[in-house]
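coords.txt (compact mmCIF, C-alpha atoms)
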```txt
# COMPACT_ATOMS: atom_id res chain seq x y z
CA MET T 134 -59.36 177.16 241.22
CA GLY T 135 -60.41 175.87 237.91
CA LYS T 136 -59.06 177.18 234.60
CA THR T 137 -61.21 178.15 231.62
CA ALA T 138 -59.74 177.99 228.14
CA PHE T 139 -60.55 181.28 226.37
CA ASN T 140 -60.64 181.02 222.58
CA PRO T 141 -61.13 184.34 220.78
CA ILE T 142 -62.42 182.40 217.78
CA THR T 143 -65.40 180.99 219.66
CA SER T 144 -65.82 183.63 222.36
CA PRO T 145 -66.65 187.13 221.11
CA TRP T 146 -63.87 189.37 222.27
CA LYS T 147 -62.54 192.82 221.55
CA GLY T 148 -58.95 193.97 221.73
CA GLN T 149 -55.44 193.29 220.44
CA ILE T 150 -53.21 190.33 221.04
CA GLY T 151 -50.37 188.62 219.24
CA GLY T 152 -50.27 191.07 216.36
CA PHE T 153 -53.99 190.74 215.62
CA THR T 154 -57.06 192.88 216.26
CA TYR T 155 -60.25 191.19 217.48
CA SER T 156 -63.64 192.81 217.14
CA VAL T 157 -67.31 191.94 216.93
CA ARG T 158 -69.39 193.13 213.99
CA ASP T 159 -73.07 192.19 213.57
CA GLY T 160 -72.55 189.42 216.11
CA ASN T 161 -69.62 187.99 214.17
CA GLN T 162 -66.07 187.75 215.40
CA ILE T 163 -63.70 189.66 213.15
CA ILE T 164 -59.97 189.00 213.28
CA SER T 165 -57.55 191.15 211.30
CA LYS T 166 -53.82 191.58 211.24
CA LEU T 167 -52.50 194.75 212.80
CA ALA T 168 -51.17 197.27 210.30
CA ALA T 169 -47.40 197.35 210.28
CA SER T 170 -45.98 200.37 212.03
CA ARG T 171 -45.26 203.16 209.56
CA LYS T 172 -41.74 204.22 208.87
CA ASP T 173 -40.71 207.73 209.70
CA PRO T 174 -42.26 209.80 206.87
CA LYS T 175 -39.57 212.40 207.40
CA SER T 176 -36.63 210.12 206.77
CA GLU T 177 -33.91 211.70 204.68
CA LYS T 178 -34.48 209.47 201.66
CA GLN T 179 -38.25 210.02 201.67
CA MET T 180 -37.83 213.76 202.02
CA GLN T 181 -35.44 213.83 199.07
CA VAL T 182 -37.93 211.89 196.93
CA ARG T 183 -40.70 214.32 197.88
CA MET T 184 -38.51 217.35 197.14
CA ARG T 185 -37.53 215.99 193.74
CA PHE T 186 -41.09 215.05 192.85
CA LYS T 187 -42.37 218.48 193.85
CA LEU T 188 -39.70 220.18 191.75
CA ALA T 189 -40.46 217.89 188.80
CA SER T 190 -44.17 218.69 189.08
CA GLN T 191 -43.50 222.43 189.17
CA PHE T 192 -41.15 222.16 186.20
CA THR T 193 -43.74 220.18 184.21
CA LYS T 194 -46.48 222.71 184.93
CA LEU T 195 -44.21 225.54 183.79
CA TRP T 196 -42.96 223.97 180.53
CA ASP T 197 -45.67 221.53 179.49
CA ASP T 198 -46.94 223.63 176.54
CA ILE T 199 -43.68 223.55 174.58
CA LEU T 200 -42.78 220.02 175.68
CA MET T 201 -46.18 218.53 174.85
CA ALA T 202 -45.92 220.17 171.42
CA ASN T 203 -42.58 218.43 170.94
CA LEU T 204 -44.11 215.11 172.09
CA VAL T 205 -47.19 215.32 169.85
CA LYS T 206 -46.07 212.46 167.59
CA ILE T 207 -45.00 210.36 170.56
CA GLU T 208 -47.86 210.92 173.01
CA ARG T 209 -51.02 212.86 172.17
CA ASP T 210 -52.76 212.11 175.47
CA ALA T 211 -52.14 215.21 177.64
CA SER T 212 -52.10 213.36 180.97
CA LYS T 213 -49.69 210.70 179.72
CA ALA T 214 -47.48 213.34 178.14
CA GLN T 215 -47.34 215.29 181.40
CA ASN T 216 -46.52 212.11 183.32
CA LEU T 217 -43.67 211.42 180.90
CA ILE T 218 -42.31 214.95 181.27
CA ARG T 219 -42.60 214.74 185.06
CA SER T 220 -40.77 211.40 185.14
CA ILE T 221 -37.92 212.74 183.01
CA ALA T 222 -37.66 215.88 185.14
CA TYR T 223 -37.63 213.78 188.32
CA HIS T 224 -34.77 211.60 187.09
CA ALA T 225 -32.86 214.68 185.93
CA SER T 226 -33.13 216.30 189.38
CA THR T 227 -30.71 216.03 192.27
CA VAL T 228 -30.65 217.04 195.94
CA SER T 229 -27.77 218.84 197.60
CA ASN T 230 -27.63 220.97 200.74
CA ASP T 231 -31.27 220.05 201.41
CA GLN T 232 -32.36 221.60 198.10
CA ALA T 233 -33.75 219.90 195.01
CA LYS T 234 -32.13 221.14 191.82
CA LEU T 235 -32.83 220.62 188.13
CA SER T 236 -30.41 221.70 185.41
CA LEU T 237 -31.86 222.57 182.01
CA ASP T 238 -28.86 220.87 180.38
CA ASP T 239 -29.50 217.65 182.30
CA PHE T 240 -33.19 217.75 181.44
CA GLU T 241 -32.41 218.40 177.76
CA ASN T 242 -30.11 215.38 177.59
CA LYS T 243 -32.50 213.02 179.39
CA PHE T 244 -35.54 214.25 177.45
CA ASN T 245 -33.94 213.75 174.05
CA SER T 246 -32.53 210.38 175.10
CA LYS T 247 -35.90 209.17 176.38
CA THR T 248 -37.84 210.38 173.33
CA GLN T 249 -35.08 209.30 170.91
CA GLN T 250 -35.29 212.64 169.14
CA VAL T 251 -32.10 214.18 167.79
CA ILE T 252 -31.29 217.89 167.97
CA SER T 253 -31.12 219.39 164.50
CA PRO T 254 -27.53 220.35 163.64
CA ASP T 255 -28.95 223.23 161.59
CA LEU T 256 -30.73 224.90 164.51
CA GLU T 257 -28.65 227.68 166.07
CA LEU T 258 -29.65 229.32 169.35
CA THR T 259 -27.91 232.37 170.76
CA PHE T 260 -29.28 233.18 174.19
CA THR T 261 -27.21 235.66 176.18
CA SER T 262 -27.90 238.96 177.90
CA ALA T 263 -26.48 240.71 174.85
CA ASN T 264 -28.14 238.71 172.09
CA GLN T 265 -31.18 236.45 171.89
CA SER T 266 -31.71 234.96 168.43
CA ILE T 267 -32.56 231.67 166.78
CA THR T 268 -31.77 230.47 163.25
CA ALA T 269 -33.14 227.51 161.29
CA PRO T 270 -33.06 226.51 157.61
CA ASP T 271 -35.48 228.22 155.24
CA GLY T 272 -38.99 226.76 155.42
CA GLU T 273 -38.58 225.00 158.77
CA ILE T 274 -40.93 225.68 161.67
CA VAL T 275 -39.46 226.76 164.99
CA ALA T 276 -41.28 226.69 168.33
CA TYR T 277 -39.89 228.01 171.58
CA GLN T 278 -40.94 229.03 175.07
CA VAL T 279 -39.18 231.62 177.21
CA THR T 280 -39.77 232.01 180.94
CA ALA T 281 -38.59 234.88 183.15
CA PHE T 282 -37.63 234.44 186.82
CA ASP T 283 -37.16 236.90 189.66
CA GLU T 284 -34.40 236.93 192.28
CA LYS T 285 -36.13 234.09 194.17
CA SER T 286 -36.33 231.92 191.03
CA THR T 287 -40.09 232.44 190.92
CA PRO T 288 -41.51 232.51 187.36
CA ILE T 289 -42.94 235.95 186.60
CA GLY T 290 -43.75 235.65 182.91
CA SER T 291 -43.75 233.12 180.09
CA ASN T 292 -44.55 233.07 176.38
CA MET T 293 -44.56 230.58 173.54
CA THR T 294 -43.74 231.56 169.98
CA THR T 295 -43.77 229.79 166.61
CA PHE T 296 -42.51 231.02 163.24
CA GLU T 297 -41.61 229.80 159.79
CA SER T 298 -37.91 230.42 159.21
CA ASP T 299 -36.58 232.29 156.19
CA GLY T 300 -33.07 231.06 156.95
CA THR T 301 -31.96 234.23 158.73
CA PRO T 302 -31.52 234.85 162.49
CA GLN T 303 -34.81 235.75 164.18
CA THR T 304 -35.05 237.73 167.42
CA VAL T 305 -36.26 235.69 170.39
CA TYR T 306 -39.28 237.40 171.90
CA LEU T 307 -39.07 237.76 175.68
CA PRO T 308 -42.29 237.53 177.70
CA ARG T 309 -44.18 240.31 179.37
CA ILE T 310 -43.30 240.13 183.04
CA LYS T 311 -44.74 240.98 186.42
CA GLY T 312 -41.77 242.39 188.31
CA ASN T 313 -38.03 242.48 187.62
CA ALA T 314 -36.43 239.53 185.85
CA VAL T 315 -32.96 238.36 186.84
CA ARG T 316 -32.93 235.24 184.65
CA TYR T 317 -34.47 233.99 181.41
CA ASP T 318 -34.69 230.32 180.37
CA ILE T 319 -35.64 228.94 176.95
CA ILE T 320 -36.66 225.59 175.48
CA ALA T 321 -36.84 225.38 171.67
CA PHE T 322 -37.08 222.89 168.83
CA ASN T 323 -37.57 222.90 165.07
CA THR T 324 -39.43 220.68 162.60
CA THR T 325 -38.60 219.65 159.06
CA LEU T 326 -41.04 218.76 156.29
CA THR T 327 -40.17 215.67 154.29
CA ASN T 328 -42.16 216.78 151.23
CA SER T 329 -43.38 219.99 149.64
CA SER T 330 -46.23 220.58 152.11
CA THR T 331 -46.67 224.13 153.30
CA TRP T 332 -47.08 225.51 156.80
CA ASN T 333 -50.68 226.41 157.59
CA GLY T 334 -50.36 226.91 161.31
CA PRO T 335 -50.07 230.02 163.49
CA ILE T 336 -47.24 232.43 162.89
CA GLY T 337 -45.77 234.54 165.67
CA ASN T 338 -46.56 234.74 169.35
CA ILE T 339 -49.39 232.39 170.29
CA ASN T 340 -49.97 233.31 173.93
CA GLY T 341 -52.99 235.26 175.06
CA ASN T 342 -53.30 238.44 177.11
CA ASP T 343 -52.21 236.71 180.31
CA PRO T 344 -48.44 236.00 180.31
CA PHE T 345 -49.11 232.43 181.46
CA THR T 346 -52.05 231.64 179.15
CA ILE T 347 -51.81 229.99 175.73
CA ASP T 348 -54.66 230.45 173.26
CA THR T 349 -56.09 226.91 173.24
CA LYS T 350 -57.60 227.16 169.75
CA VAL T 351 -54.37 228.34 168.14
CA TYR T 352 -52.38 225.83 170.20
CA SER T 353 -54.59 223.01 168.88
CA ILE T 354 -53.81 224.15 165.32
CA LEU T 355 -50.10 224.03 166.14
CA LEU T 356 -50.39 220.48 167.52
CA GLY T 357 -52.31 219.43 164.43
CA GLU T 358 -49.60 220.78 162.15
CA LEU T 359 -46.79 219.19 164.14
CA SER T 360 -48.48 215.78 164.10
CA ASP T 361 -48.34 215.70 160.27
CA ALA T 362 -46.86 212.36 159.25
CA ASN T 363 -44.56 214.17 156.82
CA ARG T 364 -42.97 216.32 159.50
CA ILE T 365 -39.83 215.41 161.45
CA ILE T 366 -39.80 216.83 164.98
CA HIS T 367 -36.27 217.33 166.27
CA GLY T 368 -35.00 217.18 169.84
CA ILE T 369 -35.19 220.15 172.19
CA ILE T 370 -32.40 222.62 172.89
CA THR T 371 -32.25 224.80 175.99
CA GLY T 372 -30.56 227.99 177.14
CA SER T 373 -30.39 230.33 180.10
CA TYR T 374 -28.84 233.67 180.94
CA LEU T 375 -28.69 236.11 183.82
CA VAL T 376 -29.80 239.66 183.21
CA ALA T 377 -26.76 241.92 183.01
```
Can I see the file as structure tokens?
Amino acid sequence: MGKTAFNPITSPWKGQIGGFTYSVRDGNQIISKLAASRKDPKSEKQMQVRMRFKLASQFTKLWDDILMANLVKIERDASKAQNLIRSIAYHASTVSNDQAKLSLDDFENKFNSKTQQVISPDLELTFTSANQSITAPDGEIVAYQVTAFDEKSTPIGSNMTTFESDGTPQTVYLPRIKGNAVRYDIIAFNTTLTNSSTWNGPIGNINGNDPFTIDTKVYSILLGELSDANRIIHGIITGSYLVA
């Protein structure tokens, strides 16, 4: 019985052999390398990465208003600013007992280190169940965001506030909430003018009727004021307390 040499290069053929896929398209032989088998998408390391990235994304969405205001002289592009915040939050997160966790203290340290912004030694934040106040030198501008959480750590209200300090302690305004809060978190920073310019931006609470909505027009004014070349933006400080 005679033998016939079969060459898939010269003889149109369909199928798989030797790690390659052979097919015929428009009368032409097509040879392509088989895709490498995928690794288990549910491996422990991959799952941890996904959990941390999801947590970082949720954190960024929740705090991006105050953090992008702080970053205005570093990154004005909103998408790039959010990517930076997300990256910092990701690297500040950890996984233990199959849960991704992110400490405000860890985020504060990594954020200020990455942005090379120093916390003002003159900014004082008291944030406990008994007393919520913030103090800055006379004439400085303070911006802060407070978020309320329920017993499942689900955010149920958030507000952002700015004010010009008169040098005395100012009450921290808590947000309107939908439900019962068991914890409040805060991120704050202050800015210092390097000349005699005056503050022309919004004073007081700048959020709209919805607890999660910031008035975009007023927010744009705030960003414009903060981006003034004569203004020093200090690093962020954070705080958290459980409702008594």
Env of Thr301 in chain T: 8 Å cut, atoms = all atoms listed in the file, seq-sep filter 6 positions within chain, self excluded. Answer as a CSV table (one decimal) with C-alpha atoms, in the frame of the given file.
```
chain,number,residue,atom,x,y,z
T,268,THR,CA,-31.8,230.5,163.2
T,269,ALA,CA,-33.1,227.5,161.3
T,270,PRO,CA,-33.1,226.5,157.6
T,271,ASP,CA,-35.5,228.2,155.2
```
Next on the checklist: Rounded to one decimal, what separation in Å do you get between CA of Thr371 in chain T and CA of Thr261 in chain T?
Outcome noted: 12.0 Å
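Here the question is which of T:Gln265, T:Ser253, T:Thr193, T:Ser212 gets nearest to Val305 in chain T using only C-alpha atoms, and that residue is T:Gln265.
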Next on the checklist: Residues within 8 Å of (-38.9, 237.5, 172.0), file coordinates, counting all atoms listed in the file: what are they? Give the list as a ChimeraX atom specification.
Outcome noted: /T:265,279,294,304-308
Item to check | Pick from T:Ser266, T:Asn313, T:Gln303, T:Gln249, whichever lies nearest to Glu284 in chain T using only C-alpha atoms | outcome: T:Asn313
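The coordinates place CA of Ala189 in chain T at 19.0 Å from CA of Ala321 in chain T.
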Checklist entry - Could you name the residues that touch Asn203 in chain T at 8 Å or less, counting all atoms listed in the file, but leaving out those on the same chain fewer than 3 positions away, as a ChimeraX atom specification? => result /T:199-200,206,322,366-369
Item to check | Point-to-point distance from CA of Ile289 in chain T to CA of Lys311 in chain T, Å rounded to tenths | outcome: 5.3 Å
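Using all atoms listed in the file, the protein and nucleic acid residues lying no more than 10 Å from Ala214 in chain T, apart from those fewer than 6 places from it along its own chain, are Thr193, Asp197, Leu200, Met201, Ala202, Leu204, Val205, Ile207, Glu208 and Ser220 of chain T.
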Next on the checklist: Set the distance at 8 Å and use only C-alpha atoms: which residues neighbour range 240-245 of chain T once local chain neighbours fewer than 6 positions away are removed? I'd like the list as a PyMOL selection string.
Outcome noted: chain T and resi 218+221-222+225+251-252+368-371
Checklist outcome for this item: In terms of all atoms listed in the file, the residue from T:Met180, T:Leu256, T:Ala377, T:Ile310 at minimal distance from Phe282 in chain T is T:Ile310
